[in-house]
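Novice: Input file: coords29.csv. Contents: CSV, C-alpha atoms.
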```csv
chain,number,residue,atom,x,y,z
A,124,MET,CA,-32.1,3.5,-11.9
A,125,ASP,CA,-30.2,6.5,-10.7
A,126,GLU,CA,-26.6,6.0,-9.5
A,127,ALA,CA,-26.2,6.3,-5.8
A,128,SER,CA,-24.5,9.6,-4.7
A,129,ASP,CA,-21.1,9.5,-3.0
A,130,ARG,CA,-22.8,10.5,0.2
A,131,GLN,CA,-25.2,7.5,0.0
A,132,LEU,CA,-22.3,5.2,-0.7
A,133,VAL,CA,-20.4,6.5,2.2
A,134,ALA,CA,-23.4,6.0,4.4
A,135,ARG,CA,-23.9,2.4,3.2
A,136,THR,CA,-20.2,1.7,3.7
A,137,ARG,CA,-20.5,3.0,7.3
A,138,GLY,CA,-23.5,0.6,7.6
A,139,GLY,CA,-21.2,-2.3,6.8
A,140,GLU,CA,-21.8,-2.7,3.0
A,141,ALA,CA,-18.3,-3.3,1.6
A,142,ASP,CA,-19.7,-3.4,-1.9
A,143,ALA,CA,-20.7,0.3,-1.6
A,144,PHE,CA,-17.1,1.1,-0.8
A,145,GLY,CA,-16.2,-0.9,-3.9
A,146,GLU,CA,-18.3,1.4,-6.0
A,147,LEU,CA,-16.5,4.4,-4.5
A,148,VAL,CA,-13.2,2.8,-5.4
A,149,ARG,CA,-14.5,2.2,-8.9
A,150,ARG,CA,-15.4,5.9,-9.3
A,151,TYR,CA,-12.2,7.3,-7.9
A,152,GLN,CA,-9.5,4.8,-8.6
A,153,THR,CA,-8.3,6.7,-11.7
A,154,SER,CA,-8.0,10.1,-10.1
A,155,VAL,CA,-6.5,8.6,-6.9
A,156,TYR,CA,-4.0,6.6,-9.0
A,157,ASN,CA,-3.0,9.7,-10.9
A,158,VAL,CA,-2.3,11.6,-7.7
A,159,CYS,CA,0.1,8.8,-6.6
A,160,TYR,CA,1.6,8.5,-10.1
A,161,ARG,CA,2.3,12.2,-10.4
A,162,LEU,CA,4.0,12.2,-7.0
A,163,LEU,CA,5.8,8.9,-7.2
A,164,GLY,CA,6.5,8.7,-10.9
A,165,ASP,CA,6.3,4.9,-10.8
A,166,PRO,CA,3.1,3.2,-12.1
A,167,ALA,CA,3.4,0.0,-10.1
A,168,GLU,CA,4.2,1.8,-6.9
A,169,ALA,CA,1.4,4.3,-7.6
A,170,GLU,CA,-1.1,1.4,-7.9
A,171,ASP,CA,0.1,0.0,-4.5
A,172,LEU,CA,-0.2,3.4,-2.9
A,173,ALA,CA,-3.6,4.0,-4.4
A,174,GLN,CA,-4.8,0.8,-3.0
A,175,GLU,CA,-3.3,1.6,0.4
A,176,ALA,CA,-5.0,5.1,0.2
A,177,PHE,CA,-8.4,3.5,-0.3
A,178,LEU,CA,-7.8,1.1,2.7
A,179,ARG,CA,-6.7,4.1,4.8
A,180,ALA,CA,-9.8,6.1,3.7
A,181,TYR,CA,-12.0,3.1,4.6
A,182,ARG,CA,-10.5,2.9,8.1
A,183,ARG,CA,-10.8,6.7,8.6
A,184,LEU,CA,-14.3,7.0,7.1
A,185,GLY,CA,-15.5,7.7,10.7
A,186,SER,CA,-13.7,11.0,10.7
A,187,TYR,CA,-14.8,12.0,7.1
A,188,ASP,CA,-17.3,14.9,7.1
A,189,ASP,CA,-19.9,13.8,4.5
A,190,GLN,CA,-21.0,17.4,4.0
A,191,ARG,CA,-17.9,17.8,1.9
A,192,PRO,CA,-17.3,16.1,-1.4
A,193,PHE,CA,-15.7,12.7,-1.2
A,194,GLY,CA,-13.4,13.0,-4.2
A,195,PRO,CA,-11.1,15.8,-3.0
A,196,TRP,CA,-10.9,14.2,0.5
A,197,MET,CA,-10.0,10.9,-1.1
A,198,ARG,CA,-7.3,12.5,-3.3
A,199,ARG,CA,-5.9,14.3,-0.3
A,200,VAL,CA,-5.6,11.0,1.6
A,201,ALA,CA,-3.7,9.6,-1.5
A,202,ALA,CA,-1.5,12.7,-1.7
A,203,ASN,CA,-0.5,12.5,2.0
A,204,LEU,CA,0.3,8.9,1.7
A,205,SER,CA,2.4,9.5,-1.4
A,206,LEU,CA,4.2,12.4,0.2
A,207,ASN,CA,5.1,10.1,3.1
A,208,ALA,CA,6.4,7.6,0.6
A,209,LEU,CA,8.4,10.4,-1.2
A,210,GLN,CA,9.8,11.6,2.1
A,211,SER,CA,10.9,8.1,3.0
A,212,ARG,CA,12.9,7.9,-0.2
A,213,LYS,CA,14.8,11.0,1.0
A,214,ALA,CA,15.2,12.1,-2.6
A,215,ALA,CA,16.3,15.7,-2.2
A,216,MET,CA,17.8,18.0,-4.7
A,217,PRO,CA,19.9,20.9,-3.6
A,218,LEU,CA,17.9,24.1,-3.6
A,219,ASP,CA,20.5,26.3,-5.0
A,220,GLU,CA,18.8,27.7,-8.1
A,221,GLU,CA,18.5,31.4,-8.4
A,222,PHE,CA,15.1,33.0,-7.8
A,223,ASP,CA,14.8,35.0,-11.0
A,224,GLU,CA,12.6,35.3,-14.0
A,225,ILE,CA,11.7,32.5,-16.4
A,226,PRO,CA,13.8,33.1,-19.5
A,227,GLY,CA,12.9,32.7,-23.1
A,228,SER,CA,9.8,33.4,-25.1
A,229,PRO,CA,6.3,32.9,-23.8
A,230,LEU,CA,5.1,29.3,-24.0
A,231,GLU,CA,3.0,28.6,-27.0
A,232,MET,CA,0.1,26.1,-26.7
A,233,PRO,CA,-0.4,23.8,-29.7
A,234,GLU,CA,-3.4,24.0,-31.9
A,235,SER,CA,-4.0,20.6,-33.6
A,236,SER,CA,-5.1,17.5,-31.8
A,237,GLY,CA,-1.8,15.7,-32.8
A,238,GLU,CA,0.2,18.6,-31.4
A,239,ARG,CA,-2.0,18.7,-28.4
A,240,ARG,CA,-1.3,15.0,-27.7
A,241,ASP,CA,2.4,15.6,-28.0
A,242,GLU,CA,2.1,18.5,-25.6
A,243,VAL,CA,0.2,16.4,-23.1
A,244,GLU,CA,3.0,13.8,-23.3
A,245,ARG,CA,5.7,16.4,-22.9
A,246,VAL,CA,4.0,17.8,-19.9
A,247,ARG,CA,3.7,14.3,-18.4
A,248,ARG,CA,7.4,13.6,-18.9
A,249,ALA,CA,8.4,17.0,-17.6
A,250,LEU,CA,6.3,16.7,-14.4
A,251,LEU,CA,7.7,13.2,-13.7
A,252,ARG,CA,11.2,14.5,-14.3
A,253,LEU,CA,10.9,17.0,-11.4
A,254,PRO,CA,12.6,16.2,-8.1
A,255,GLY,CA,10.2,14.9,-5.5
A,256,HIS,CA,10.0,18.0,-3.4
A,257,TYR,CA,9.1,20.1,-6.4
A,258,ARG,CA,6.5,17.6,-7.6
A,259,ALA,CA,5.0,17.8,-4.2
A,260,VAL,CA,4.3,21.5,-4.3
A,261,ILE,CA,3.1,21.3,-7.9
A,262,GLU,CA,0.7,18.5,-7.0
A,263,LEU,CA,-0.7,20.3,-4.0
A,264,ARG,CA,-1.1,23.7,-5.7
A,265,HIS,CA,-2.2,22.7,-9.2
A,266,TYR,CA,-4.0,19.4,-8.6
A,267,GLN,CA,-5.2,19.6,-5.0
A,268,ASP,CA,-5.9,23.3,-5.2
A,269,MET,CA,-4.3,24.1,-1.9
A,270,SER,CA,-3.3,27.6,-0.8
A,271,TYR,CA,0.3,28.3,0.1
A,272,ASP,CA,-0.6,28.1,3.8
A,273,GLU,CA,-2.2,24.7,3.4
A,274,ILE,CA,0.7,23.4,1.4
A,275,ALA,CA,3.1,24.7,4.1
A,276,GLY,CA,1.1,22.9,6.7
A,277,THR,CA,1.0,19.7,4.8
A,278,LEU,CA,4.7,19.7,4.0
A,279,GLY,CA,5.8,21.2,7.3
A,280,ILE,CA,7.6,24.1,5.6
A,281,ARG,CA,7.1,27.9,5.7
A,282,PRO,CA,4.7,29.6,3.2
A,283,GLY,CA,7.7,31.5,1.8
A,284,ASP,CA,9.4,28.2,1.0
A,285,VAL,CA,6.3,27.1,-0.8
A,286,ARG,CA,6.4,30.1,-3.0
A,287,THR,CA,10.1,29.6,-3.7
A,288,ARG,CA,9.7,25.9,-4.5
A,289,LEU,CA,6.7,26.6,-6.7
A,290,PHE,CA,8.7,29.2,-8.6
A,291,ARG,CA,11.7,27.0,-9.1
A,292,ALA,CA,9.6,24.0,-10.1
A,293,ARG,CA,7.7,26.0,-12.7
A,294,ARG,CA,10.9,27.5,-14.0
A,295,LEU,CA,12.3,24.0,-14.6
A,296,LEU,CA,9.0,22.9,-16.2
A,297,ALA,CA,9.0,25.9,-18.5
A,298,ASP,CA,12.6,25.3,-19.5
A,299,TRP,CA,12.0,21.6,-20.2
A,300,LEU,CA,8.8,22.2,-22.1
A,301,ARG,CA,10.5,24.8,-24.2
A,302,GLU,CA,13.4,22.6,-25.1
A,303,ASP,CA,11.3,19.4,-25.6
A,304,VAL,CA,12.2,17.0,-22.8
B,54,MET,CA,8.7,52.2,-18.0
B,55,SER,CA,12.1,50.9,-16.8
B,56,ASP,CA,12.7,47.1,-16.1
B,57,SER,CA,13.1,47.8,-12.5
B,58,HIS,CA,9.5,48.8,-12.3
B,59,HIS,CA,8.2,45.6,-14.0
B,60,LEU,CA,6.6,42.9,-12.0
B,61,PRO,CA,8.9,39.9,-11.2
B,62,ASP,CA,7.7,36.5,-12.4
B,63,SER,CA,7.5,35.3,-8.8
B,64,GLU,CA,4.9,38.1,-8.1
B,65,ILE,CA,3.0,37.3,-11.3
B,66,GLN,CA,2.8,33.7,-10.2
B,67,SER,CA,1.7,34.6,-6.8
B,68,LEU,CA,-1.0,36.8,-8.3
B,69,LEU,CA,-2.2,33.9,-10.4
B,70,ASP,CA,-2.1,31.7,-7.3
B,71,GLU,CA,-4.2,34.2,-5.5
B,72,ALA,CA,-1.5,34.3,-2.9
B,73,LEU,CA,-0.8,38.0,-2.9
B,74,GLY,CA,-2.1,40.2,-0.1
B,75,GLU,CA,-5.0,42.5,-1.0
B,76,ARG,CA,-2.9,45.6,-1.4
B,77,ALA,CA,-0.1,43.9,-3.3
B,78,ALA,CA,-2.7,42.3,-5.6
B,79,HIS,CA,-4.4,45.6,-6.2
B,80,ALA,CA,-1.0,47.3,-7.0
B,81,ALA,CA,0.0,44.5,-9.4
B,82,ARG,CA,-3.3,44.7,-11.3
B,83,ALA,CA,-3.0,48.4,-11.6
B,84,HIS,CA,0.5,47.9,-13.0
B,85,LEU,CA,-0.7,45.3,-15.4
B,86,ALA,CA,-3.4,47.5,-16.7
B,87,ALA,CA,-0.8,50.0,-17.8
B,88,CYS,CA,2.1,47.7,-18.9
B,89,PRO,CA,1.7,45.7,-22.1
B,90,ARG,CA,5.0,43.9,-21.4
B,91,CYS,CA,4.0,42.6,-18.0
B,92,THR,CA,0.6,41.7,-19.4
B,93,LEU,CA,2.3,39.5,-22.0
B,94,ARG,CA,4.4,37.9,-19.2
B,95,LEU,CA,1.3,37.3,-17.2
B,96,GLU,CA,-0.3,35.5,-20.2
B,97,ALA,CA,2.8,33.4,-20.7
B,98,GLN,CA,2.6,32.3,-17.0
B,99,ALA,CA,-1.0,31.6,-17.4
B,100,ARG,CA,-0.2,29.4,-20.3
B,101,LEU,CA,2.4,27.6,-18.3
B,102,PHE,CA,-0.1,27.0,-15.5
B,103,ALA,CA,-2.6,25.6,-18.1
B,104,ALA,CA,0.1,23.3,-19.5
B,105,ILE,CA,0.9,22.0,-16.0
B,106,GLU,CA,-2.8,21.3,-15.4
B,107,SER,CA,-3.2,19.6,-18.8
B,108,TRP,CA,-2.1,16.3,-17.4
B,109,GLU,CA,-4.5,13.7,-18.8
B,110,GLU,CA,-5.5,11.1,-16.3
B,111,VAL,CA,-4.6,7.5,-17.2
B,112,PRO,CA,-6.4,4.5,-15.5
B,113,PRO,CA,-4.4,2.1,-13.4
B,114,LYS,CA,-3.2,-0.9,-15.2
B,115,HIS,CA,-5.1,-3.2,-12.8
B,116,ASN,CA,-8.6,-2.7,-11.5
B,117,LEU,CA,-8.2,-1.7,-7.8
B,118,VAL,CA,-11.8,-2.7,-6.8
B,119,PRO,CA,-11.2,-6.4,-6.3
B,120,ARG,CA,-7.8,-5.8,-4.6
B,121,VAL,CA,-9.3,-3.3,-2.1
B,122,LEU,CA,-12.4,-5.4,-1.4
B,123,SER,CA,-10.2,-8.5,-0.9
B,124,ALA,CA,-8.0,-6.6,1.5
B,125,LEU,CA,-11.0,-5.6,3.5
B,126,GLN,CA,-12.2,-9.2,4.0
B,127,PRO,CA,-11.7,-10.3,7.6
B,128,SER,CA,-8.8,-12.7,8.0
B,129,ALA,CA,-10.5,-16.0,8.4
B,130,THR,CA,-9.1,-19.5,8.2
B,131,PRO,CA,-10.2,-21.0,5.0
B,132,VAL,CA,-13.1,-23.5,5.4
B,133,GLY,CA,-11.1,-26.3,3.8
B,134,LEU,CA,-8.3,-25.9,6.2
B,135,ARG,CA,-10.7,-25.8,9.2
B,136,TRP,CA,-12.3,-29.1,8.2
B,137,ALA,CA,-8.9,-30.7,7.4
B,138,ALA,CA,-7.8,-29.8,11.0
B,139,VAL,CA,-10.9,-31.5,12.4
B,140,VAL,CA,-10.4,-34.6,10.3
B,141,GLN,CA,-6.8,-34.8,11.2
B,142,ALA,CA,-7.4,-34.4,14.9
B,143,GLY,CA,-9.9,-37.3,14.7
B,144,ALA,CA,-7.6,-39.4,12.7
B,145,ALA,CA,-4.7,-38.8,15.1
B,146,LEU,CA,-6.9,-39.9,18.0
B,147,LEU,CA,-8.0,-43.0,16.2
B,148,ILE,CA,-4.4,-43.9,15.3
B,149,LEU,CA,-3.4,-43.4,18.9
B,150,ILE,CA,-6.1,-45.7,20.2
B,151,LEU,CA,-5.3,-48.4,17.6
B,152,ALA,CA,-1.5,-48.1,18.2
B,153,TRP,CA,-1.9,-48.1,22.0
B,154,PRO,CA,-0.8,-51.8,22.3
B,155,ILE,CA,2.5,-50.9,20.5
B,156,LEU,CA,3.1,-47.9,22.6
B,157,ALA,CA,2.2,-49.7,25.9
B,158,GLY,CA,4.5,-52.6,24.9
B,159,PHE,CA,7.3,-50.2,24.2
B,160,ALA,CA,6.8,-48.4,27.5
B,161,GLN,CA,6.7,-51.7,29.4
B,162,GLY,CA,9.8,-53.0,27.6
B,163,ALA,CA,11.6,-49.8,28.1
B,164,ARG,CA,10.7,-49.7,31.8
B,165,LEU,CA,9.9,-46.0,31.5
B,166,PRO,CA,9.7,-44.4,34.9
B,167,SER,CA,6.3,-43.9,36.3
B,168,MET,CA,4.9,-40.3,36.4
B,169,TRP,CA,3.4,-40.9,39.9
B,170,PRO,CA,6.5,-39.8,41.9
B,171,LEU,CA,6.4,-36.5,39.9
B,172,ALA,CA,2.7,-36.0,40.5
B,173,SER,CA,3.0,-36.7,44.2
B,174,GLY,CA,5.9,-34.3,44.6
B,175,GLU,CA,8.6,-36.9,44.9
B,176,VAL,CA,10.8,-35.2,42.2
B,177,GLU,CA,14.0,-36.8,43.5
B,178,VAL,CA,12.7,-40.3,43.2
B,179,TRP,CA,11.5,-39.6,39.6
B,180,LEU,CA,14.9,-38.0,38.7
B,181,ALA,CA,16.7,-41.1,40.1
B,182,GLN,CA,14.6,-43.3,37.9
B,183,MET,CA,15.3,-41.1,34.9
B,184,SER,CA,19.0,-41.2,35.7
B,185,GLU,CA,18.9,-45.0,35.8
B,186,LEU,CA,17.0,-45.1,32.4
B,187,ALA,CA,19.7,-42.9,30.8
B,188,ALA,CA,22.5,-45.1,32.2
B,189,SER,CA,20.9,-48.2,30.7
B,190,MET,CA,19.9,-46.7,27.3
B,191,GLU,CA,21.6,-49.3,25.2
B,192,ALA,CA,20.1,-52.2,27.0
B,193,LEU,CA,16.8,-50.5,26.8
B,194,SER,CA,17.0,-50.0,23.1
B,195,LEU,CA,17.6,-53.7,22.6
B,196,ASP,CA,14.7,-54.4,24.9
B,197,MET,CA,12.4,-52.1,22.9
B,198,ILE,CA,13.4,-53.9,19.7
B,199,ASP,CA,12.7,-57.2,21.3
B,200,SER,CA,9.4,-55.9,22.5
B,201,ALA,CA,8.4,-54.7,19.1
B,202,GLN,CA,9.4,-58.0,17.5
B,203,ALA,CA,7.4,-59.8,20.1
B,204,TRP,CA,4.4,-57.6,19.3
B,205,LEU,CA,4.7,-58.2,15.6
B,206,ARG,CA,4.9,-62.0,16.2
B,207,MET,CA,1.8,-61.9,18.3
B,208,THR,CA,-0.3,-59.7,15.9
B,209,PRO,CA,-2.0,-61.0,12.8
B,210,ASP,CA,-0.4,-60.2,9.5
B,211,TRP,CA,-2.9,-57.5,8.5
B,212,LEU,CA,-2.1,-55.6,11.8
B,213,ALA,CA,1.6,-55.8,11.2
B,214,ILE,CA,1.4,-53.3,8.5
B,215,TRP,CA,0.3,-50.6,11.0
B,216,PRO,CA,3.6,-48.7,11.0
B,217,LEU,CA,3.3,-48.4,7.2
B,218,VAL,CA,-0.3,-47.1,7.5
B,219,VAL,CA,0.8,-44.5,10.1
B,220,ALA,CA,3.7,-43.4,8.0
B,221,GLY,CA,1.5,-43.1,4.9
B,222,ALA,CA,-1.2,-41.2,6.8
B,223,ALA,CA,1.5,-38.7,8.1
B,224,ILE,CA,2.8,-38.1,4.6
B,225,ALA,CA,-0.7,-37.6,3.2
B,226,ALA,CA,-1.5,-35.2,6.0
B,227,ILE,CA,1.6,-33.2,5.4
B,228,LEU,CA,1.0,-33.0,1.6
B,229,GLY,CA,-2.7,-32.2,2.2
B,230,ASN,CA,-1.8,-29.4,4.5
B,231,SER,CA,0.7,-28.0,2.1
B,232,ILE,CA,-1.8,-27.9,-0.7
B,233,LEU,CA,-4.4,-26.2,1.5
B,234,LEU,CA,-2.0,-23.7,2.9
B,235,ALA,CA,-0.8,-22.9,-0.6
B,236,GLY,CA,-4.4,-22.3,-1.6
B,237,SER,CA,-5.1,-20.1,1.3
B,238,ALA,CA,-1.9,-18.1,0.7
B,239,ALA,CA,-3.3,-17.3,-2.8
B,240,GLY,CA,-6.6,-16.3,-1.2
B,241,PRO,CA,-7.7,-13.0,0.4
B,242,GLN,CA,-4.7,-12.4,2.5
B,243,ALA,CA,-2.4,-12.5,-0.4
B,244,ALA,CA,-4.6,-10.4,-2.6
B,245,ARG,CA,-3.0,-7.2,-1.6
B,246,ALA,CA,0.4,-8.4,-2.6
B,247,ARG,CA,-0.5,-9.6,-6.0
B,248,ARG,CA,-2.1,-7.7,-8.8
B,249,VAL,CA,-5.4,-8.9,-10.0
```
Mind turning the file's structure into structure tokens?
Specialist:
Amino acid sequence: MDEASDRQLVARTRGGEADAFGELVRRYQTSVYNVCYRLLGDPAEAEDLAQEAFLRAYRRLGSYDDQRPFGPWMRRVAANLSLNALQSRKAAMPLDEEFDEIPGSPLEMPESSGERRDEVERVRRALLRLPGHYRAVIELRHYQDMSYDEIAGTLGIRPGDVRTRLFRARRLLADWLREDV
Amino acid sequence: MSDSHHLPDSEIQSLLDEALGERAAHAARAHLAACPRCTLRLEAQARLFAAIESWEEVPPKHNLVPRVLSALQPSATPVGLRWAAVVQAGAALLILILAWPILAGFAQGARLPSMWPLASGEVEVWLAQMSELAASMEALSLDMIDSAQAWLRMTPDWLAIWPLVVAGAAIAAILGNSILLAGSAAGPQAARARRV
């Protein structure tokens, strides 16, 4: 039997079938959890926020446009919720870095699968090491595929600040990846 | 080509982010086509972007499906607790009926003021009776003890154990409720707080 499409599951959920929403949770729990984990950096907190994101999505299913894919909408709900959690932490780092070029040699990507796994782990550590407001722009740009204007609207900052934060975040990442965090 | 004419990294990143205006993007591409050094830096930035996006997703430690579905359940009183409440209400009524001779005896012995003055609006009369009662509390206590003893003498032995039965029933009710409430706290309402 063919798997029901996301749109069908959304329609069944709207019709009162909670199990249909359970199937949507099963499909997207990993990607939603990873959004929360990347932004919050804490696995337990990320699980709680992911659960909260699904509950919020369920309550707001009436405003969801089912002509659009469910996954990106769901991940955006999770991102917004995690950003609120980040904001409430008030973990801010002084933005006093210079806005200059990334130093050092170009980043080399590893070839073998072992090296590849190490690289993935190094990237994970580096991303989680970033201050919250840098993780936010990286998440929204690289994982939510938002434009500078959309990121600015989401975070309530100017597009120019988005560009600056992205540059500084990437410079830190490049430094840490090069020196093996 | 002098360094001052090379593209800054910030501009290269904006180009990769597709965040440059049309004219600026066109100029940057034209420069890159003629500048091997900037092309190398563009490739380095592209590798950095790829590295950032190489995050491999990990599943949550606990399955979120049961947690979410439990949290979506309407908050209903558990069936066991509802039945326990009905049974307890019935038992309380039965005990009250059976214990009425004791209560009536106490009320009579204690000469408790009638509620009629209060019901008919004679609040002052009722307050005066209450004041008398408070003034003679010690004597009334002794009267109540006498009344209870008299009742116990009058009643057959098997009925004399009623106070113990009532106390036992109260303890059983408290324990039963505690167990049921503990069970319900571990049910749907607590599902969100715990990890399945």
Novice: Hey, could you make a per-residue contact list for chain A against chain B with 7 Å as the cut-off, showing the nearest pair of atoms and its distance in Å to one decimal, counting all atoms listed in the file, sorted by chain and number, as JSON lines?
Specialist:
```
{"residue": "A:Ala141", "atom": "CA", "partner": "B:Leu122", "partner_atom": "CA", "distance": 6.9}
{"residue": "A:Gly145", "atom": "CA", "partner": "B:Val118", "partner_atom": "CA", "distance": 5.6}
{"residue": "A:Val148", "atom": "CA", "partner": "B:Val118", "partner_atom": "CA", "distance": 5.8}
{"residue": "A:Arg149", "atom": "CA", "partner": "B:Val118", "partner_atom": "CA", "distance": 6.0}
{"residue": "A:Gln152", "atom": "CA", "partner": "B:Leu117", "partner_atom": "CA", "distance": 6.7}
{"residue": "A:Thr153", "atom": "CA", "partner": "B:Pro112", "partner_atom": "CA", "distance": 4.8}
{"residue": "A:Ser154", "atom": "CA", "partner": "B:Glu110", "partner_atom": "CA", "distance": 6.8}
{"residue": "A:Tyr156", "atom": "CA", "partner": "B:Pro113", "partner_atom": "CA", "distance": 6.3}
{"residue": "A:Asn157", "atom": "CA", "partner": "B:Glu110", "partner_atom": "CA", "distance": 6.1}
{"residue": "A:Glu170", "atom": "CA", "partner": "B:Pro113", "partner_atom": "CA", "distance": 6.5}
{"residue": "A:Gln174", "atom": "CA", "partner": "B:Val121", "partner_atom": "CA", "distance": 6.2}
{"residue": "A:Leu178", "atom": "CA", "partner": "B:Val121", "partner_atom": "CA", "distance": 6.7}
{"residue": "A:Glu224", "atom": "CA", "partner": "B:Asp62", "partner_atom": "CA", "distance": 5.3}
{"residue": "A:Ile225", "atom": "CA", "partner": "B:Asp62", "partner_atom": "CA", "distance": 6.9}
{"residue": "A:Pro229", "atom": "CA", "partner": "B:Ala97", "partner_atom": "CA", "distance": 4.7}
{"residue": "A:Leu230", "atom": "CA", "partner": "B:Ala97", "partner_atom": "CA", "distance": 5.7}
{"residue": "A:Val243", "atom": "CA", "partner": "B:Trp108", "partner_atom": "CA", "distance": 6.1}
{"residue": "A:Val246", "atom": "CA", "partner": "B:Ile105", "partner_atom": "CA", "distance": 6.5}
{"residue": "A:Arg247", "atom": "CA", "partner": "B:Trp108", "partner_atom": "CA", "distance": 6.2}
{"residue": "A:His265", "atom": "CA", "partner": "B:Glu106", "partner_atom": "CA", "distance": 6.4}
{"residue": "A:Tyr271", "atom": "CA", "partner": "B:Ala72", "partner_atom": "CA", "distance": 6.9}
{"residue": "A:Phe290", "atom": "CA", "partner": "B:Ser63", "partner_atom": "CA", "distance": 6.2}
{"residue": "A:Ala297", "atom": "CA", "partner": "B:Leu101", "partner_atom": "CA", "distance": 6.8}
```
Novice: Could you name the residues that touch segment 158-168 of chain A at 9 Å or less, counting only C-alpha atoms, but leaving out those on the same chain fewer than 3 positions away, as a count of residues only?
Specialist: 27
Novice: Contacts of Arg137 of chain A at 12 Å or less, counting all atoms listed in the file, minus same-chain residues fewer than 4 places along, as a ChimeraX atom specification?
Specialist: /A:130-133,141-144,180-187,189
Novice: Excluding Leu295 of chain A and its own-chain neighbours fewer than 4 positions away, which residues fall within 9 Å of it when counting only C-alpha atoms? Please give them as a tab-separated table (two decimals) with C-alpha atoms, in the coordinates of the input.
Specialist:
```
chain	number	residue	atom	x	y	z
A	225	ILE	CA	11.70	32.50	-16.40
A	249	ALA	CA	8.40	17.00	-17.60
A	253	LEU	CA	10.90	17.00	-11.40
A	290	PHE	CA	8.70	29.20	-8.60
A	291	ARG	CA	11.70	27.00	-9.10
A	299	TRP	CA	12.00	21.60	-20.20
A	300	LEU	CA	8.80	22.20	-22.10
```
Novice: Measure the distance from atom CA of Glu302 of chain A to atom CA of Cys88 of chain B in Å and round it to one decimal.
Specialist: 28.2 Å
